[in-house]
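> Below is the file model34.pdb, which contains PDB, C-alpha atoms, pLDDT in the B column.
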ATOM      1  CA  MET R   1      16.101  85.087 -91.082  1.00 54.00           C
ATOM      2  CA  ALA R   2      14.559  81.797 -90.007  1.00 58.00           C
ATOM      3  CA  THR R   3      11.262  83.591 -89.598  1.00 62.00           C
ATOM      4  CA  THR R   4      11.412  84.933 -93.167  1.00 69.00           C
ATOM      5  CA  ILE R   5      12.076  81.471 -94.624  1.00 70.00           C
ATOM      6  CA  LYS R   6       9.217  80.024 -92.571  1.00 66.00           C
ATOM      7  CA  SER R   7       6.957  82.829 -93.785  1.00 67.00           C
ATOM      8  CA  ALA R   8       7.966  82.212 -97.419  1.00 64.00           C
ATOM      9  CA  VAL R   9       7.328  78.444 -97.110  1.00 66.00           C
ATOM     10  CA  ILE R  10       3.940  79.045 -95.470  1.00 69.00           C
ATOM     11  CA  THR R  11       3.069  81.587 -98.181  1.00 68.00           C
ATOM     12  CA  VAL R  12       3.961  79.127-100.987  1.00 63.00           C
ATOM     13  CA  CYS R  13       1.981  76.308 -99.296  1.00 64.00           C
ATOM     14  CA  LEU R  14      -1.064  78.559 -98.862  1.00 62.00           C
ATOM     15  CA  PHE R  15      -0.771  79.724-102.494  1.00 65.00           C
ATOM     16  CA  VAL R  16      -0.631  76.111-103.776  1.00 65.00           C
ATOM     17  CA  ALA R  17      -3.582  75.168-101.546  1.00 66.00           C
ATOM     18  CA  ALA R  18      -5.574  78.171-102.821  1.00 66.00           C
ATOM     19  CA  VAL R  19      -4.892  77.263-106.478  1.00 64.00           C
ATOM     20  CA  GLY R  20      -5.841  73.625-105.791  1.00 67.00           C
ATOM     21  CA  LEU R  21      -9.076  74.679-104.068  1.00 66.00           C
ATOM     22  CA  TYR R  22      -9.905  77.033-106.947  1.00 69.00           C
ATOM     23  CA  ARG R  23      -9.423  74.248-109.531  1.00 73.00           C
ATOM     24  CA  TYR R  24     -11.521  71.843-107.467  1.00 71.00           C
ATOM     25  CA  THR R  25     -14.440  74.308-107.213  1.00 72.00           C
ATOM     26  CA  GLN R  26     -14.274  74.901-110.993  1.00 73.00           C
ATOM     27  CA  THR R  27     -14.708  71.171-111.720  1.00 71.00           C
ATOM     28  CA  LEU R  28     -17.636  71.011-109.289  1.00 67.00           C
ATOM     29  CA  GLN R  29     -19.283  73.957-111.009  1.00 64.00           C
ATOM     30  CA  GLU R  30     -18.838  72.311-114.451  1.00 60.00           C
ATOM     31  CA  ARG R  31     -20.527  69.149-113.153  1.00 61.00           C
ATOM     32  CA  GLN R  32     -23.485  71.107-111.779  1.00 59.00           C
ATOM     33  CA  ASN R  33     -23.983  73.094-114.988  1.00 54.00           C
ATOM     34  CA  PRO R  34     -23.651  70.575-117.836  1.00 57.00           C
ATOM     35  CA  VAL R  35     -23.530  71.964-121.335  1.00 56.00           C
ATOM     36  CA  GLU R  36     -26.918  71.569-122.966  1.00 59.00           C
ATOM     37  CA  THR R  37     -26.820  69.994-126.390  1.00 59.00           C
ATOM     38  CA  VAL R  38     -29.450  71.170-128.798  1.00 64.00           C
ATOM     39  CA  SER R  39     -30.287  68.687-131.516  1.00 68.00           C
ATOM     40  CA  LYS R  40     -31.487  69.852-134.881  1.00 82.00           C
ATOM     41  CA  ILE R  41     -34.797  68.556-136.201  1.00 82.00           C
ATOM     42  CA  TYR R  42     -35.448  68.557-139.928  1.00 84.00           C
ATOM     43  CA  THR R  43     -39.002  68.211-141.277  1.00 87.00           C
ATOM     44  CA  ALA R  44     -40.286  67.372-144.765  1.00 86.00           C
ATOM     45  CA  LEU R  45     -43.674  66.887-146.409  1.00 90.00           C
ATOM     46  CA  ASP R  46     -44.294  64.230-149.089  1.00 92.00           C
ATOM     47  CA  PHE R  47     -40.986  62.584-148.230  1.00 90.00           C
ATOM     48  CA  TYR R  48     -39.267  60.036-150.483  1.00 91.00           C
ATOM     49  CA  GLY R  49     -35.845  58.615-149.646  1.00 88.00           C
ATOM     50  CA  LYS R  50     -33.540  55.839-150.854  1.00 87.00           C
ATOM     51  CA  ASN R  51     -30.890  53.797-149.031  1.00 84.00           C
ATOM     52  CA  TYR R  52     -28.063  52.060-150.915  1.00 84.00           C
ATOM     53  CA  ASP R  53     -25.472  49.596-149.652  1.00 82.00           C
ATOM     54  CA  LYS R  54     -21.713  50.056-150.125  1.00 85.00           C
ATOM     55  CA  THR R  55     -21.796  48.372-153.536  1.00 87.00           C
ATOM     56  CA  GLY R  56     -24.549  50.678-154.835  1.00 86.00           C
ATOM     57  CA  PHE R  57     -27.404  48.154-154.546  1.00 86.00           C
ATOM     58  CA  LEU R  58     -30.727  49.774-153.621  1.00 86.00           C
ATOM     59  CA  GLN R  59     -31.733  48.291-150.249  1.00 84.00           C
ATOM     60  CA  HIS R  60     -34.700  50.376-149.062  1.00 85.00           C
ATOM     61  CA  THR R  61     -36.951  53.198-150.118  1.00 88.00           C
ATOM     62  CA  ILE R  62     -39.308  55.066-147.831  1.00 89.00           C
ATOM     63  CA  LYS R  63     -42.252  57.200-148.787  1.00 93.00           C
ATOM     64  CA  ALA R  64     -44.263  59.164-146.202  1.00 92.00           C
ATOM     65  CA  ASP R  65     -46.710  62.047-145.864  1.00 94.00           C
ATOM     66  CA  THR R  66     -44.460  63.743-143.293  1.00 91.00           C
ATOM     67  CA  ALA R  67     -40.973  63.041-142.026  1.00 90.00           C
ATOM     68  CA  SER R  68     -38.972  64.582-139.194  1.00 90.00           C
ATOM     69  CA  TYR R  69     -35.367  63.693-138.462  1.00 88.00           C
ATOM     70  CA  ASP R  70     -33.800  64.291-135.051  1.00 85.00           C
ATOM     71  CA  ASP R  71     -30.097  64.914-135.608  1.00 82.00           C
ATOM     72  CA  GLY R  72     -29.334  64.178-131.940  1.00 81.00           C
ATOM     73  CA  SER R  73     -30.863  60.675-131.790  1.00 82.00           C
ATOM     74  CA  GLY R  74     -30.442  59.761-135.463  1.00 84.00           C
ATOM     75  CA  ILE R  75     -34.077  58.617-135.598  1.00 87.00           C
ATOM     76  CA  ALA R  76     -36.571  59.720-138.236  1.00 88.00           C
ATOM     77  CA  HIS R  77     -40.310  59.784-137.465  1.00 91.00           C
ATOM     78  CA  PHE R  78     -42.838  59.270-140.263  1.00 91.00           C
ATOM     79  CA  THR R  79     -46.575  59.617-140.835  1.00 92.00           C
ATOM     80  CA  ASN R  80     -48.158  57.028-143.168  1.00 94.00           C
ATOM     81  CA  PRO R  81     -44.816  55.483-144.143  1.00 93.00           C
ATOM     82  CA  ILE R  82     -44.351  52.845-146.826  1.00 93.00           C
ATOM     83  CA  ILE R  83     -40.989  51.078-146.723  1.00 89.00           C
ATOM     84  CA  THR R  84     -39.974  49.005-149.730  1.00 89.00           C
ATOM     85  CA  THR R  85     -37.130  46.525-149.220  1.00 85.00           C
ATOM     86  CA  TYR R  86     -35.178  45.087-152.138  1.00 86.00           C
ATOM     87  CA  ARG R  87     -33.297  41.809-151.889  1.00 80.00           C
ATOM     88  CA  ILE R  88     -31.871  39.270-154.279  1.00 78.00           C
ATOM     89  CA  GLY R  89     -33.908  36.079-154.093  1.00 71.00           C
ATOM     90  CA  LYS R  90     -32.896  32.459-154.487  1.00 71.00           C
ATOM     91  CA  ASP R  91     -33.481  32.616-158.245  1.00 73.00           C
ATOM     92  CA  LYS R  92     -31.212  35.712-158.479  1.00 77.00           C
ATOM     93  CA  TYR R  93     -34.153  38.039-159.243  1.00 81.00           C
ATOM     94  CA  ILE R  94     -34.843  41.104-157.127  1.00 83.00           C
ATOM     95  CA  GLU R  95     -37.630  40.549-154.624  1.00 84.00           C
ATOM     96  CA  LYS R  96     -39.492  43.561-153.241  1.00 89.00           C
ATOM     97  CA  TRP R  97     -41.377  43.677-149.944  1.00 86.00           C
ATOM     98  CA  THR R  98     -43.450  46.624-148.712  1.00 90.00           C
ATOM     99  CA  MET R  99     -44.346  47.480-145.141  1.00 90.00           C
ATOM    100  CA  SER R 100     -46.842  50.226-144.368  1.00 92.00           C
ATOM    101  CA  GLY R 101     -48.436  51.674-141.250  1.00 93.00           C
ATOM    102  CA  LYS R 102     -49.861  54.891-139.845  1.00 94.00           C
ATOM    103  CA  GLN R 103     -46.740  55.831-137.835  1.00 92.00           C
ATOM    104  CA  GLY R 104     -43.127  54.800-138.114  1.00 90.00           C
ATOM    105  CA  GLN R 105     -39.608  55.364-136.868  1.00 89.00           C
ATOM    106  CA  VAL R 106     -36.404  54.541-138.723  1.00 86.00           C
ATOM    107  CA  ARG R 107     -32.761  54.604-137.736  1.00 84.00           C
ATOM    108  CA  ASP R 108     -30.803  54.511-140.989  1.00 74.00           C
ATOM    109  CA  GLY R 109     -29.207  51.132-141.610  1.00 71.00           C
ATOM    110  CA  ASP R 110     -30.431  49.795-138.269  1.00 83.00           C
ATOM    111  CA  PHE R 111     -34.186  49.321-137.823  1.00 86.00           C
ATOM    112  CA  ALA R 112     -37.716  50.410-138.641  1.00 87.00           C
ATOM    113  CA  LEU R 113     -40.544  50.419-136.089  1.00 90.00           C
ATOM    114  CA  MET R 114     -44.012  50.602-137.632  1.00 90.00           C
ATOM    115  CA  GLU R 115     -47.225  51.114-135.668  1.00 91.00           C
ATOM    116  CA  SER R 116     -51.004  51.109-136.248  1.00 91.00           C
ATOM    117  CA  ASP R 117     -52.443  48.875-138.963  1.00 91.00           C
ATOM    118  CA  VAL R 118     -49.102  47.558-140.207  1.00 93.00           C
ATOM    119  CA  VAL R 119     -49.222  45.521-143.418  1.00 93.00           C
ATOM    120  CA  LEU R 120     -46.297  43.579-144.907  1.00 89.00           C
ATOM    121  CA  LYS R 121     -46.676  42.378-148.513  1.00 91.00           C
ATOM    122  CA  PRO R 122     -44.417  40.758-151.090  1.00 89.00           C
ATOM    123  CA  LEU R 123     -44.423  42.444-154.527  1.00 88.00           C
ATOM    124  CA  PHE R 124     -43.178  39.408-156.415  1.00 86.00           C
ATOM    125  CA  LYS R 125     -44.609  36.045-157.463  1.00 84.00           C
ATOM    126  CA  GLY R 126     -43.793  32.875-155.567  1.00 80.00           C
ATOM    127  CA  ALA R 127     -43.656  34.347-152.048  1.00 80.00           C
ATOM    128  CA  ALA R 128     -44.636  32.012-149.218  1.00 79.00           C
ATOM    129  CA  ILE R 129     -47.107  34.569-147.852  1.00 84.00           C
ATOM    130  CA  THR R 130     -49.461  36.994-149.569  1.00 89.00           C
ATOM    131  CA  LYS R 131     -49.793  39.416-146.640  1.00 91.00           C
ATOM    132  CA  ALA R 132     -49.024  39.871-142.925  1.00 90.00           C
ATOM    133  CA  GLN R 133     -50.925  42.229-140.586  1.00 93.00           C
ATOM    134  CA  SER R 134     -50.167  43.472-137.068  1.00 92.00           C
ATOM    135  CA  GLN R 135     -50.487  46.578-134.900  1.00 92.00           C
ATOM    136  CA  ARG R 136     -46.766  46.981-134.209  1.00 92.00           C
ATOM    137  CA  VAL R 137     -43.792  45.593-136.121  1.00 91.00           C
ATOM    138  CA  HIS R 138     -40.025  45.912-135.650  1.00 91.00           C
ATOM    139  CA  TYR R 139     -37.918  45.377-138.771  1.00 88.00           C
ATOM    140  CA  ASN R 140     -34.192  44.811-138.190  1.00 89.00           C
ATOM    141  CA  PHE R 141     -32.416  45.883-141.389  1.00 82.00           C
ATOM    142  CA  LYS R 142     -29.161  44.128-140.449  1.00 84.00           C
ATOM    143  CA  SER R 143     -30.606  40.666-139.764  1.00 85.00           C
ATOM    144  CA  ASN R 144     -33.643  41.007-142.087  1.00 81.00           C
ATOM    145  CA  LEU R 145     -35.924  39.853-139.246  1.00 87.00           C
ATOM    146  CA  VAL R 146     -39.450  41.199-138.785  1.00 88.00           C
ATOM    147  CA  THR R 147     -40.835  40.743-135.261  1.00 90.00           C
ATOM    148  CA  SER R 148     -43.980  41.669-133.364  1.00 92.00           C
ATOM    149  CA  PRO R 149     -45.149  40.943-129.815  1.00 92.00           C
ATOM    150  CA  ASP R 150     -48.747  41.678-130.869  1.00 92.00           C
ATOM    151  CA  LEU R 151     -51.292  39.502-132.653  1.00 92.00           C
ATOM    152  CA  THR R 152     -49.983  38.977-136.177  1.00 91.00           C
ATOM    153  CA  ILE R 153     -51.986  37.408-138.999  1.00 92.00           C
ATOM    154  CA  LEU R 154     -50.264  35.735-141.967  1.00 90.00           C
ATOM    155  CA  TYR R 155     -52.188  35.077-145.159  1.00 91.00           C
ATOM    156  CA  GLY R 156     -51.117  32.558-147.771  1.00 88.00           C
ATOM    157  CA  THR R 157     -52.713  30.687-150.634  1.00 87.00           C
ATOM    158  CA  GLY R 158     -55.204  28.373-148.933  1.00 88.00           C
ATOM    159  CA  TRP R 159     -54.257  29.188-145.322  1.00 90.00           C
ATOM    160  CA  ILE R 160     -54.309  31.782-142.553  1.00 90.00           C
ATOM    161  CA  ASN R 161     -52.038  31.635-139.483  1.00 90.00           C
ATOM    162  CA  SER R 162     -52.169  33.922-136.467  1.00 90.00           C
ATOM    163  CA  GLY R 163     -50.518  34.289-133.091  1.00 92.00           C
ATOM    164  CA  THR R 164     -48.414  36.506-130.861  1.00 92.00           C
ATOM    165  CA  ASP R 165     -44.647  36.873-130.401  1.00 91.00           C
ATOM    166  CA  PHE R 166     -44.197  36.617-134.156  1.00 89.00           C
ATOM    167  CA  THR R 167     -40.918  36.448-136.125  1.00 89.00           C
ATOM    168  CA  ILE R 168     -40.352  36.139-139.853  1.00 84.00           C
ATOM    169  CA  ASP R 169     -36.879  35.690-141.282  1.00 85.00           C
ATOM    170  CA  LEU R 170     -37.005  37.264-144.746  1.00 75.00           C
ATOM    171  CA  ASN R 171     -33.669  35.625-145.627  1.00 76.00           C
ATOM    172  CA  LYS R 172     -35.033  32.104-145.143  1.00 79.00           C
ATOM    173  CA  ASP R 173     -38.800  32.745-145.540  1.00 74.00           C
ATOM    174  CA  ILE R 174     -39.439  31.109-142.158  1.00 81.00           C
ATOM    175  CA  SER R 175     -42.028  32.437-139.735  1.00 83.00           C
ATOM    176  CA  THR R 176     -42.630  31.417-136.123  1.00 86.00           C
ATOM    177  CA  TYR R 177     -45.153  32.178-133.401  1.00 86.00           C
ATOM    178  CA  LYS R 178     -44.561  31.664-129.689  1.00 90.00           C
ATOM    179  CA  GLY R 179     -48.035  32.333-128.318  1.00 87.00           C
ATOM    180  CA  ASN R 180     -51.771  31.985-129.051  1.00 86.00           C
ATOM    181  CA  VAL R 181     -51.171  30.124-132.316  1.00 85.00           C
ATOM    182  CA  ASN R 182     -54.140  29.491-134.590  1.00 84.00           C
ATOM    183  CA  ALA R 183     -53.932  27.965-138.076  1.00 84.00           C
ATOM    184  CA  THR R 184     -56.686  27.579-140.674  1.00 85.00           C
ATOM    185  CA  TYR R 185     -56.129  25.618-143.887  1.00 85.00           C
ATOM    186  CA  TYR R 186     -58.609  25.448-146.750  1.00 83.00           C
ATOM    187  CA  PRO R 187     -58.949  22.369-148.956  1.00 82.00           C
ATOM    188  CA  ALA R 188     -57.595  22.735-152.475  1.00 72.00           C
ATOM    189  CA  GLN R 189     -60.163  23.240-155.240  1.00 65.00           C
ATOM    190  CA  HIS R 190     -60.034  20.284-157.652  1.00 53.00           C
ATOM    191  CA  SER R 191     -61.720  20.168-161.046  1.00 48.00           C
ATOM    192  CA  ASP R 192     -63.469  16.906-162.063  1.00 51.00           C
ATOM    193  CA  ASN R 193     -62.203  16.711-165.677  1.00 48.00           C
TER     194      ASN R 193
END
Can you present the structure in this file as structure tokens?

Amino acid sequence: MATTIKSAVITVCLFVAAVGLYRYTQTLQERQNPVETVSKIYTALDFYGKNYDKTGFLQHTIKADTASYDDGSGIAHFTNPIITTYRIGKDKYIEKWTMSGKQGQVRDGDFALMESDVVLKPLFKGAAITKAQSQRVHYNFKSNLVTSPDLTILYGTGWINSGTDFTIDLNKDISTYKGNVNATYYPAQHSDN
């Protein structure tokens, strides 16, 4: 009888070990064959989109020749995009800024990255600058900062500034350069009346 009990105990131990080994090999196989996730890509021609904040205020519009949205990354790619940003200025009027380029990427509510012949312009009177140009610009929608590591040229009434490592804070209308700064100021035209 002692032999039968020993055989039963050995059988149970071997069964438990076999189940444990089977489970272990299944987890190894799952790690070696990860599930592939396929993201959906949506494409549109002559795209026009609007972005509103939680209160219903229009924050951004984007117009582009082509748009493709990758559902997996949440990033949209654009050809010839024009982004218009709306903000309430110091005098409580809506101020509009446009940014255009040949290529662009946008993550909704997060950032826009514009490339190739990027131009930033105010569409309201009284702006500190009349135009900014660069080859690559990153626009952070949350902080309202526009930055570029490349040569960026700012145009204003009677002046031109240029440099690299550029930042403009659209909330405060303050721009800074950290490298290769060059400034040109033109004398004011006075009439002799």
> Point out the residue among R:Lys131, R:Lys90, R:Lys121, R:Lys142 with the least atom-to-atom distance to Asp53 of chain R, counting only C-alpha atoms.
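Counting only C-alpha atoms, the residue closest to Asp53 of chain R is R:Lys142.
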> Please report the interatomic distance between atom CA of Leu154 of chain R and atom CA of Phe57 of chain R in Å with one decimal.
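If I compute the distance from atom CA of Leu154 of chain R to atom CA of Phe57 of chain R, I get 28.9 Å.
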> How would you write, as a PyMOL selection string, the residues chosen by the PyMOL selection byres ((chain R and resi 177-181) around 9) on this structure?
chain R and resi 151-152+161-168+175-176+182-183
> Identify which of the residues R:Asp108, R:Glu115, R:Asp173, R:Glu95 lies closest to Tyr69 of chain R, counting all atoms listed in the file when measuring atom-to-atom distances.
R:Asp108
> One number please: atom CA of Ile160 of chain R to atom CA of Tyr185 of chain R, in Å, one decimal.
6.6 Å
> Identify which of the residues R:Trp159, R:Ile82, R:Thr147, R:Thr61 lies closest to Ile174 of chain R, counting all atoms listed in the file when measuring atom-to-atom distances.
R:Thr147
> Evaluate the PyMOL selection byres ((chain R and resi 112) around 9) against this structure - the residues, as a PyMOL selection string, please.
chain R and resi 83+104-108+110-111+113-114+137-141
> Can I get the selected residues back with C-alpha atoms, as a CSV table (one decimal), keeping the file's coordinate frame?

chain,number,residue,atom,x,y,z
R,83,ILE,CA,-41.0,51.1,-146.7
R,104,GLY,CA,-43.1,54.8,-138.1
R,105,GLN,CA,-39.6,55.4,-136.9
R,106,VAL,CA,-36.4,54.5,-138.7
R,107,ARG,CA,-32.8,54.6,-137.7
R,108,ASP,CA,-30.8,54.5,-141.0
R,110,ASP,CA,-30.4,49.8,-138.3
R,111,PHE,CA,-34.2,49.3,-137.8
R,113,LEU,CA,-40.5,50.4,-136.1
R,114,MET,CA,-44.0,50.6,-137.6
R,137,VAL,CA,-43.8,45.6,-136.1
R,138,HIS,CA,-40.0,45.9,-135.6
R,139,TYR,CA,-37.9,45.4,-138.8
R,140,ASN,CA,-34.2,44.8,-138.2
R,141,PHE,CA,-32.4,45.9,-141.4
> Counting only C-alpha atoms, figure out which residue out of R:Ala127, R:Ile5, R:Ala188, R:Leu58 gets nearest to Arg87 of chain R.
R:Leu58
> Quick check, in Å to one decimal: how far apart do atom CA of Asp150 of chain R and atom CA of His60 of chain R lie?
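That distance, rounded to one decimal, is 24.6 Å.
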> The PyMOL selection byres ((chain R and resi 135) around 6) - which residues does that actually catch in the file I just gave you? List them as an MDAnalysis selection string.
chainID R and resid 115:118 134 136
> Once you count only C-alpha atoms, which residues end up no further than 10 Å from (-36.1, 36.8, -153.7) in the file's frame, shown as a PyMOL selection string?
chain R and resi 86-97+122+124-127+170-173
> Any chance you could export the current selection's C-alpha atoms as a short mmCIF file (atom, residue, chain, number, x, y, z; two decimals), in the coordinates of the input?

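Full text of result-v8.cif as output:
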data_model
loop_
_atom_site.label_atom_id
_atom_site.label_comp_id
_atom_site.auth_asym_id
_atom_site.auth_seq_id
_atom_site.Cartn_x
_atom_site.Cartn_y
_atom_site.Cartn_z
CA TYR R 86 -35.18 45.09 -152.14
CA ARG R 87 -33.30 41.81 -151.89
CA ILE R 88 -31.87 39.27 -154.28
CA GLY R 89 -33.91 36.08 -154.09
CA LYS R 90 -32.90 32.46 -154.49
CA ASP R 91 -33.48 32.62 -158.24
CA LYS R 92 -31.21 35.71 -158.48
CA TYR R 93 -34.15 38.04 -159.24
CA ILE R 94 -34.84 41.10 -157.13
CA GLU R 95 -37.63 40.55 -154.62
CA LYS R 96 -39.49 43.56 -153.24
CA TRP R 97 -41.38 43.68 -149.94
CA PRO R 122 -44.42 40.76 -151.09
CA PHE R 124 -43.18 39.41 -156.42
CA LYS R 125 -44.61 36.04 -157.46
CA GLY R 126 -43.79 32.88 -155.57
CA ALA R 127 -43.66 34.35 -152.05
CA LEU R 170 -37.01 37.26 -144.75
CA ASN R 171 -33.67 35.62 -145.63
CA LYS R 172 -35.03 32.10 -145.14
CA ASP R 173 -38.80 32.74 -145.54
#
> Give me, as an mmCIF file with C-alpha atoms, keeping the file's coordinate frame, all polymer residues having an atom no more than 10 Å from Thr66 of chain R, counting only C-alpha atoms and skipping those fewer than 4 positions away in the same chain.

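Saved as out18.cif:
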data_model
loop_
_atom_site.group_PDB
_atom_site.id
_atom_site.type_symbol
_atom_site.label_atom_id
_atom_site.label_comp_id
_atom_site.auth_asym_id
_atom_site.auth_seq_id
_atom_site.Cartn_x
_atom_site.Cartn_y
_atom_site.Cartn_z
ATOM 1 C CA THR R 43 -39.002 68.211 -141.277
ATOM 2 C CA ALA R 44 -40.286 67.372 -144.765
ATOM 3 C CA LEU R 45 -43.674 66.887 -146.409
ATOM 4 C CA ASP R 46 -44.294 64.230 -149.089
ATOM 5 C CA PHE R 47 -40.986 62.584 -148.230
ATOM 6 C CA TYR R 48 -39.267 60.036 -150.483
ATOM 7 C CA HIS R 77 -40.310 59.784 -137.465
ATOM 8 C CA PHE R 78 -42.838 59.270 -140.263
ATOM 9 C CA THR R 79 -46.575 59.617 -140.835
ATOM 10 C CA ASN R 80 -48.158 57.028 -143.168
ATOM 11 C CA PRO R 81 -44.816 55.483 -144.143
ATOM 12 C CA GLN R 103 -46.740 55.831 -137.835
#
> So, counting only C-alpha atoms, which residue among R:Tyr42, R:Thr184, R:Ser143, R:Ile129 is closest to Asp71 of chain R?
R:Tyr42
> Considering all atoms listed in the file, can you say which of R:Gln26, R:Gln59, R:Thr130, R:Thr157 comes closest to Asn144 of chain R?
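The answer is R:Gln59, which sits nearest to Asn144 of chain R.
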